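Chemist: Contents of my_file_28.txt (compact mmCIF, C-alpha atoms) are given next:
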```txt
# COMPACT_ATOMS: atom_id res chain seq x y z
CA MET A 1 78.27 24.20 63.22
CA ALA A 2 77.30 22.29 60.09
CA LEU A 3 73.64 21.27 59.73
CA LYS A 4 72.91 17.61 59.92
CA LYS A 5 72.02 16.27 56.53
CA GLU A 6 68.66 14.49 56.41
CA PRO A 7 68.87 10.99 55.05
CA GLU A 8 67.55 10.54 51.51
CA LYS A 9 64.02 9.09 51.26
CA HIS A 10 63.70 5.79 49.55
CA ALA A 11 61.74 5.86 46.23
CA ASN A 12 58.10 4.77 46.62
CA HIS A 13 57.58 2.13 43.96
CA GLU A 14 53.85 1.74 44.76
CA ARG A 15 52.69 5.26 43.81
CA TRP A 16 51.21 3.87 40.61
CA LEU A 17 48.46 2.30 42.69
CA VAL A 18 46.99 5.74 43.38
CA SER A 19 46.66 6.52 39.67
CA TYR A 20 45.33 3.04 38.98
CA ALA A 21 42.69 3.39 41.71
CA ASP A 22 41.58 6.75 40.28
CA PHE A 23 41.30 5.18 36.82
CA ILE A 24 39.21 2.26 38.10
CA THR A 25 36.92 4.64 39.98
CA LEU A 26 36.33 6.78 36.87
CA LEU A 27 35.74 3.70 34.72
CA PHE A 28 33.19 2.41 37.21
CA ALA A 29 31.43 5.78 37.16
CA VAL A 30 31.27 5.70 33.33
CA PHE A 31 29.61 2.28 33.33
CA VAL A 32 27.14 3.33 36.00
CA VAL A 33 26.11 6.33 33.89
CA LEU A 34 25.79 4.19 30.74
CA TYR A 35 23.66 1.66 32.59
CA ALA A 36 21.43 4.39 33.99
CA MET A 37 20.95 5.88 30.52
CA SER A 38 19.89 2.49 29.11
CA GLN A 39 17.16 1.97 31.71
CA THR A 40 14.20 4.00 30.40
CA ASP A 41 10.88 4.20 32.11
CA LYS A 42 8.88 1.79 29.94
CA ALA A 43 5.56 2.89 31.39
CA LYS A 44 6.24 6.51 30.48
CA VAL A 45 7.43 5.53 27.00
CA GLU A 46 4.19 3.60 26.38
CA GLU A 47 2.16 6.58 27.59
CA VAL A 48 3.99 8.84 25.14
CA ILE A 49 3.45 6.36 22.25
CA LYS A 50 -0.26 6.05 23.07
CA SER A 51 -0.60 9.81 23.21
CA ILE A 52 1.03 10.20 19.78
CA GLN A 53 -1.12 7.45 18.29
CA SER A 54 -4.26 8.97 19.76
CA SER A 55 -3.36 12.31 18.18
CA PHE A 56 -2.99 10.66 14.76
CA GLY A 57 -6.07 8.48 15.07
CA MET A 58 -4.23 5.16 15.42
CA ALA A 59 -5.68 2.34 17.52
CA THR A 60 -3.89 0.44 20.27
CA MET A 61 -4.57 -3.04 21.57
CA GLY A 62 -3.67 -4.22 25.09
CA THR A 63 -0.74 -2.62 26.89
CA SER A 64 1.52 -2.53 23.85
CA PRO A 65 0.57 -0.42 20.85
CA THR A 66 -0.07 -2.24 17.61
CA ILE A 67 0.35 -0.37 14.35
CA ASN A 68 -0.96 -2.15 11.27
CA VAL A 69 -0.28 0.35 8.51
CA ILE A 70 -0.17 -1.78 5.39
CA PRO A 71 -2.20 -5.01 5.26
CA SER A 72 -0.59 -8.26 4.16
CA ARG A 73 -1.25 -8.98 0.53
CA PRO A 74 0.22 -11.39 -2.02
CA ASN A 75 3.46 -10.22 -3.62
CA GLU A 76 2.80 -6.81 -2.17
CA ILE A 77 4.89 -3.77 -3.02
CA ILE A 78 4.91 -0.21 -1.94
CA PRO A 79 4.32 1.64 -5.19
CA ALA A 80 5.99 4.93 -5.96
CA ILE A 81 2.92 6.78 -7.19
CA LYS A 82 2.59 8.76 -3.95
CA PRO A 83 6.10 8.54 -2.46
CA ASP A 84 5.71 11.24 0.21
CA VAL A 85 2.59 9.92 1.95
CA SER A 86 3.07 9.80 5.73
CA VAL A 87 2.25 6.79 7.90
CA SER A 88 -0.81 8.46 9.39
CA ALA A 89 -2.00 9.50 5.93
CA ILE A 90 -1.72 5.92 4.64
CA LYS A 91 -3.74 4.73 7.61
CA ARG A 92 -6.47 7.29 6.94
CA PHE A 93 -6.61 6.32 3.25
CA GLN A 94 -6.97 2.65 4.11
CA THR A 95 -9.67 3.12 6.72
CA GLY A 96 -11.63 5.51 4.53
CA ALA A 97 -11.15 8.48 6.87
CA GLY A 98 -9.98 11.84 5.59
CA ARG A 99 -10.17 10.88 1.90
CA GLN A 100 -11.24 13.47 -0.63
CA ARG A 101 -13.19 13.06 -3.84
CA ALA A 102 -11.10 13.05 -6.99
CA GLU A 103 -12.13 15.46 -9.71
CA GLU A 104 -10.96 15.87 -13.30
CA LYS A 105 -7.54 17.30 -12.43
CA ASP A 106 -6.99 14.41 -10.01
CA PHE A 107 -8.05 11.93 -12.70
CA ARG A 108 -5.41 13.40 -15.00
CA GLN A 109 -2.73 13.09 -12.33
CA ILE A 110 -3.68 9.49 -11.52
CA LYS A 111 -3.74 8.60 -15.21
CA ALA A 112 -0.31 10.14 -15.79
CA SER A 113 1.17 8.40 -12.73
CA ILE A 114 -0.14 4.97 -13.72
CA GLU A 115 0.91 5.39 -17.34
CA ALA A 116 4.42 6.37 -16.24
CA TYR A 117 4.58 3.23 -14.10
CA LEU A 118 3.35 1.09 -17.01
CA VAL A 119 6.08 2.47 -19.26
CA LYS A 120 8.70 1.81 -16.59
CA GLN A 121 7.51 -1.79 -16.20
CA GLY A 122 6.97 -2.36 -19.92
CA ALA A 123 3.29 -3.17 -19.24
CA GLN A 124 1.60 -0.70 -21.60
CA ASN A 125 -0.14 -3.58 -23.40
CA LYS A 126 -1.77 -4.84 -20.19
CA VAL A 127 -3.67 -1.72 -19.08
CA THR A 128 -5.33 1.21 -20.83
CA LEU A 129 -6.70 4.35 -19.19
CA ASP A 130 -9.29 6.83 -20.35
CA ILE A 131 -11.08 9.82 -18.84
CA THR A 132 -14.73 10.25 -19.80
CA ARG A 133 -17.74 12.00 -18.36
CA ARG A 134 -18.27 8.94 -16.13
CA GLY A 135 -14.80 9.39 -14.63
CA LEU A 136 -11.48 7.56 -14.87
CA ILE A 137 -11.70 4.16 -16.57
CA VAL A 138 -8.85 1.72 -15.96
CA SER A 139 -9.14 -1.27 -18.32
CA LEU A 140 -7.37 -4.44 -17.18
CA LYS A 141 -6.82 -6.60 -20.25
CA GLU A 142 -7.35 -10.33 -20.00
CA ALA A 143 -3.84 -11.13 -21.23
CA GLY A 144 -2.27 -9.35 -18.26
CA PHE A 145 -4.62 -10.40 -15.45
CA PHE A 146 -6.54 -13.59 -16.31
CA ASP A 147 -5.91 -16.91 -17.98
CA SER A 148 -8.13 -17.64 -20.94
CA GLY A 149 -11.55 -18.85 -19.81
CA GLN A 150 -10.67 -18.37 -16.12
CA ALA A 151 -11.86 -15.78 -13.57
CA ASN A 152 -9.09 -15.88 -10.96
CA ILE A 153 -6.56 -13.04 -11.01
CA LYS A 154 -3.12 -14.35 -11.95
CA PRO A 155 -0.57 -14.08 -9.10
CA ALA A 156 1.88 -12.50 -11.54
CA ALA A 157 -0.56 -9.59 -11.91
CA TYR A 158 -0.75 -8.73 -8.19
CA GLU A 159 2.11 -6.25 -8.31
CA LEU A 160 0.59 -4.27 -11.16
CA LEU A 161 -2.90 -4.40 -9.66
CA ASN A 162 -1.55 -3.23 -6.29
CA THR A 163 -0.01 -0.17 -7.92
CA ILE A 164 -3.24 0.73 -9.70
CA ALA A 165 -5.37 0.10 -6.60
CA THR A 166 -3.08 2.21 -4.40
CA ALA A 167 -3.51 5.16 -6.75
CA ILE A 168 -7.30 5.05 -7.01
CA THR A 169 -8.26 4.02 -3.46
CA GLN A 170 -6.70 7.14 -1.95
CA TYR A 171 -9.88 8.95 -2.93
CA SER A 172 -13.50 8.56 -1.84
CA ASN A 173 -15.03 8.18 -5.32
CA PRO A 174 -17.36 5.20 -5.78
CA LEU A 175 -15.94 2.39 -7.91
CA ARG A 176 -17.68 0.26 -10.52
CA ILE A 177 -16.02 -3.01 -11.59
CA GLU A 178 -17.31 -4.10 -14.99
CA GLY A 179 -16.43 -7.38 -16.67
CA HIS A 180 -16.41 -7.75 -20.49
CA THR A 181 -15.66 -10.54 -22.95
CA ASP A 182 -15.44 -10.96 -26.71
CA ASN A 183 -18.21 -12.64 -28.70
CA VAL A 184 -16.59 -16.09 -28.77
CA PRO A 185 -19.02 -18.40 -26.90
CA ILE A 186 -17.93 -20.26 -23.78
CA ASN A 187 -19.76 -23.26 -22.40
CA THR A 188 -18.09 -24.90 -19.42
CA TYR A 189 -19.42 -26.35 -16.18
CA GLN A 190 -18.17 -23.27 -14.29
CA PHE A 191 -19.09 -20.68 -16.93
CA PRO A 192 -22.04 -21.70 -19.11
CA SER A 193 -21.83 -18.38 -20.97
CA ASN A 194 -19.88 -15.13 -21.21
CA TRP A 195 -22.29 -13.58 -18.70
CA GLU A 196 -20.96 -15.80 -15.90
CA LEU A 197 -17.32 -15.37 -16.93
CA SER A 198 -17.46 -11.57 -17.10
CA THR A 199 -19.39 -11.34 -13.82
CA ALA A 200 -17.00 -13.70 -12.01
CA ARG A 201 -13.95 -11.72 -13.13
CA ALA A 202 -15.50 -8.44 -11.98
CA SER A 203 -16.50 -9.98 -8.64
CA ASN A 204 -12.98 -11.32 -8.03
CA ALA A 205 -11.49 -7.90 -8.74
CA LEU A 206 -14.03 -6.34 -6.36
CA LYS A 207 -13.18 -8.79 -3.55
CA TYR A 208 -9.47 -8.15 -4.06
CA LEU A 209 -9.94 -4.39 -3.57
CA ILE A 210 -12.13 -4.86 -0.50
CA ASN A 211 -9.86 -7.45 1.14
CA HIS A 212 -6.50 -5.80 0.45
CA PHE A 213 -7.26 -2.08 0.25
CA ASN A 214 -10.17 -1.65 2.69
CA VAL A 215 -12.48 -0.22 0.04
CA GLU A 216 -15.84 0.56 1.61
CA PRO A 217 -18.32 -2.10 0.38
CA GLU A 218 -21.12 0.44 0.00
CA LYS A 219 -19.01 2.40 -2.48
CA ILE A 220 -18.11 -0.42 -4.84
CA SER A 221 -20.10 -2.78 -7.08
CA ALA A 222 -19.45 -5.38 -9.74
CA THR A 223 -21.33 -6.35 -12.89
CA GLY A 224 -20.80 -8.46 -15.98
CA TYR A 225 -21.75 -7.33 -19.48
CA GLY A 226 -20.57 -10.39 -21.38
CA GLU A 227 -19.89 -9.56 -25.02
CA PHE A 228 -22.60 -6.93 -25.28
CA ARG A 229 -20.58 -3.76 -24.65
CA PRO A 230 -17.54 -4.16 -26.89
CA SER A 231 -14.92 -1.43 -27.12
CA ALA A 232 -13.54 -2.71 -30.43
CA ASP A 233 -14.60 -4.74 -33.47
CA ASN A 234 -14.99 -8.42 -32.64
CA SER A 235 -14.24 -9.41 -36.24
CA THR A 236 -10.46 -9.21 -35.70
CA PRO A 237 -8.19 -10.94 -33.17
CA GLU A 238 -6.90 -7.55 -32.02
CA GLY A 239 -10.42 -6.26 -31.47
CA ARG A 240 -11.46 -9.35 -29.52
CA ALA A 241 -8.35 -9.01 -27.32
CA LYS A 242 -9.36 -5.43 -26.47
CA ASN A 243 -12.88 -6.54 -25.58
CA ARG A 244 -11.68 -9.16 -23.08
CA ARG A 245 -11.19 -6.84 -20.14
CA VAL A 246 -12.27 -5.74 -16.66
CA ASP A 247 -12.91 -2.01 -16.31
CA ILE A 248 -12.38 -0.28 -12.97
CA VAL A 249 -14.44 2.90 -13.23
CA MET A 250 -13.62 5.63 -10.74
CA LEU A 251 -16.85 7.62 -10.91
CA SER A 252 -16.92 11.40 -11.24
CA SER A 253 -19.72 13.48 -9.74
CA ASP A 254 -21.61 13.37 -13.05
CA GLY A 255 -20.94 9.68 -13.42
CA GLU A 256 -22.24 8.92 -9.95
CA ARG A 257 -25.47 10.82 -10.62
CA GLY A 258 -26.04 8.66 -13.66
CA GLU A 259 -25.66 5.41 -11.73
CA PRO A 260 -28.61 3.52 -10.24
```
As structure tokens - that is how I would like this structure written.

Modeler:
Amino acid sequence: MALKKEPEKHANHERWLVSYADFITLLFAVFVVLYAMSQTDKAKVEEVIKSIQSSFGMATMGTSPTINVIPSRPNEIIPAIKPDVSVSAIKRFQTGAGRQRAEEKDFRQIKASIEAYLVKQGAQNKVTLDITRRGLIVSLKEAGFFDSGQANIKPAAYELLNTIATAITQYSNPLRIEGHTDNVPINTYQFPSNWELSTARASNALKYLINHFNVEPEKISATGYGEFRPSADNSTPEGRAKNRRVDIVMLSSDGERGEP
């Protein structure tokens, strides 16, 4: 006897809903995972940051850490004299901790670095450098840093001064800021003589280094010599231009012993 043929099943046109439901479920799971990954434990993160800062000697204020690596300064730049200095190292240099004394080989390196920067900027006529028994002498010429008969540092000179200061304040050597003029008399209400002008220029340079580079006040001083310690002959315009200067003296060990 012939078997009874089963009736054909009708096609299920709603099977796509199964695949669609699986897709929606997986998509929901993906977003849940992404959301979970974005929600970090802020308390633990702050604890880790504080621990790292404590290890590197950085201070924190309140519940959120505050890192103040480079102080605000006019027209500031980050010079390329020491390009590989780490953040913690910069902080130590600026707070005076961990700095070493520069000796003759360091003076030569600083001198070469600054001179290379001067050549790059076309500013060789604004600064001269010399190494003597006293130490490294950086001479800031009036034409590059001061207006004639004035003691305020020109804003256009900040960038160059920042580069020089960054190079020399990474060491613990005492600094002497010495103002000089030519022998042309000055007699104004603000500066009755070259003594006042040279002293005011040296004092302004000193305050700039203390305020913007955290130089320790007990390791820096300023004085004015007027026209009485010329470096060139005052009988020529060129010589007088060389004499109008502010010297930043980075004292060597011998130089420091010879200071009062």

Chemist: At what distance in Å, to one decimal, does CA of Lys126 (chain A) lie from CA of Ser139 (chain A)?

Modeler: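 Separation of CA of Ser139 (chain A) and CA of Lys126 (chain A): 8.4 Å.
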
Chemist: Out of A:Gly144, A:Pro217, A:Gly122, A:Pro174, which residue has the shortest atom-to-atom distance to Ala241 (chain A) when counting all atoms listed in the file?

Modeler: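 That would be A:Gly144, the residue with the smallest distance to Ala241 (chain A).
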
Chemist: Take CA of Arg176 (chain A) and CA of Tyr225 (chain A) and report the distance between them in Å, one decimal.

Modeler: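 Calculated distance between CA of Arg176 (chain A) and CA of Tyr225 (chain A) is 12.4 Å.
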
Chemist: Determine, counting all atoms listed in the file, which protein, DNA and RNA residues have an atom within 8 Å of an atom of Ser203 (chain A); residues of the same chain fewer than 4 positions away are not included. Present the result as a CSV table (one decimal) with C-alpha atoms, keeping the file's coordinate frame.

Modeler:
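Wrote it out as around.csv, contents follow:
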```
chain,number,residue,atom,x,y,z
A,177,ILE,CA,-16.0,-3.0,-11.6
A,199,THR,CA,-19.4,-11.3,-13.8
A,207,LYS,CA,-13.2,-8.8,-3.6
A,222,ALA,CA,-19.4,-5.4,-9.7
A,223,THR,CA,-21.3,-6.4,-12.9
```

Chemist: Return the single residue from A:Ser253, A:Ser19, A:Thr181, A:Ser231 that is closest to Thr128 (chain A), with distances computed using all atoms listed in the file.

Modeler: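 Of A:Ser253, A:Ser19, A:Thr181, A:Ser231, the one nearest Thr128 (chain A), counting all atoms listed in the file, is A:Ser231.
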
Chemist: Could the residues of region 122-171 of chain A that have an atom at most 10 Å from region 183-190 of chain A be listed as CSV, each with its closest atom pair and the distance in Å to one decimal, counting all atoms listed in the file and ordered by chain and ascending residue number?

Modeler:
```
residue,atom,partner,partner_atom,distance
A:Gly149,CA,A:Ile186,CA,7.6
A:Gln150,CA,A:Gln190,CA,9.1
A:Ala151,CA,A:Gln190,CA,9.8
```

Chemist: Take CA of Val18 (chain A) and CA of Val30 (chain A) and report the distance between them in Å, one decimal.

Modeler: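 One can read the CA of Val18 (chain A) to CA of Val30 (chain A) distance as 18.7 Å.
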
Chemist: Write out as a PDB file with C-alpha atoms, keeping the file's coordinate frame each polymer residue whose atoms come within 8 Å of region 204-206 of chain A, counting all atoms listed in the file; drop sequence neighbours fewer than 2 positions from it.

Modeler:
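What ended up in part.pdb:
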```
ATOM      1  CA  ALA A 151     -11.860 -15.780 -13.570  1.00  0.00           C
ATOM      2  CA  ASN A 152      -9.090 -15.880 -10.960  1.00  0.00           C
ATOM      3  CA  ILE A 153      -6.560 -13.040 -11.010  1.00  0.00           C
ATOM      4  CA  ILE A 177     -16.020  -3.010 -11.590  1.00  0.00           C
ATOM      5  CA  ALA A 200     -17.000 -13.700 -12.010  1.00  0.00           C
ATOM      6  CA  ARG A 201     -13.950 -11.720 -13.130  1.00  0.00           C
ATOM      7  CA  ALA A 202     -15.500  -8.440 -11.980  1.00  0.00           C
ATOM      8  CA  TYR A 208      -9.470  -8.150  -4.060  1.00  0.00           C
ATOM      9  CA  LEU A 209      -9.940  -4.390  -3.570  1.00  0.00           C
ATOM     10  CA  ILE A 210     -12.130  -4.860  -0.500  1.00  0.00           C
ATOM     11  CA  ILE A 220     -18.110  -0.420  -4.840  1.00  0.00           C
ATOM     12  CA  SER A 221     -20.100  -2.780  -7.080  1.00  0.00           C
ATOM     13  CA  ALA A 222     -19.450  -5.380  -9.740  1.00  0.00           C
TER      14      ALA A 222
END
```

Chemist: Give the answer as one residue: which of A:Arg244, A:Lys120, A:Arg133, A:Arg99 has the shortest atom-to-atom distance to Arg257 (chain A), using all atoms listed in the file?

Modeler: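 Comparing A:Arg244, A:Lys120, A:Arg133, A:Arg99 against Arg257 (chain A), the winner is A:Arg133.
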
Chemist: Taking (-21.0, 10.1, -6.7) as a centre in this file's frame and 10 Å as the limit, can you find every polymer residue with an atom that close, using all atoms listed in the file, and give them as a ChimeraX atom specification?

Modeler: /A:101,134,172-175,219,250-259

Chemist: When you look at Asn234 (chain A) with a cut-off of 7 Å (counting only C-alpha atoms), what residues show up, excluding the ones that are within fewer than 4 positions of it in the same chain? I need them as a PyMOL selection string.

Modeler: chain A and resi 182-183+239-240

Chemist: Extract, using all atoms listed in the file, all DNA, RNA and protein residues at most 9 Å from Glu115 (chain A), discarding same-chain residues fewer than 2 positions from it, and format them as a CSV table (one decimal) with C-alpha atoms, in the coordinates of the input.

Modeler:
```csv
chain,number,residue,atom,x,y,z
A,110,ILE,CA,-3.7,9.5,-11.5
A,111,LYS,CA,-3.7,8.6,-15.2
A,112,ALA,CA,-0.3,10.1,-15.8
A,113,SER,CA,1.2,8.4,-12.7
A,117,TYR,CA,4.6,3.2,-14.1
A,118,LEU,CA,3.4,1.1,-17.0
A,119,VAL,CA,6.1,2.5,-19.3
A,120,LYS,CA,8.7,1.8,-16.6
A,124,GLN,CA,1.6,-0.7,-21.6
A,127,VAL,CA,-3.7,-1.7,-19.1
A,128,THR,CA,-5.3,1.2,-20.8
A,129,LEU,CA,-6.7,4.4,-19.2
```

Chemist: Taking (-5.5, -1.8, -8.3) as a centre in this file's frame and 10 Å as the limit, can you find every polymer residue with an atom that close, using all atoms listed in the file, and give them as an MDAnalysis selection string?

Modeler: chainID A and resid 138 140 157:169 205:206 208:209 212:213 248
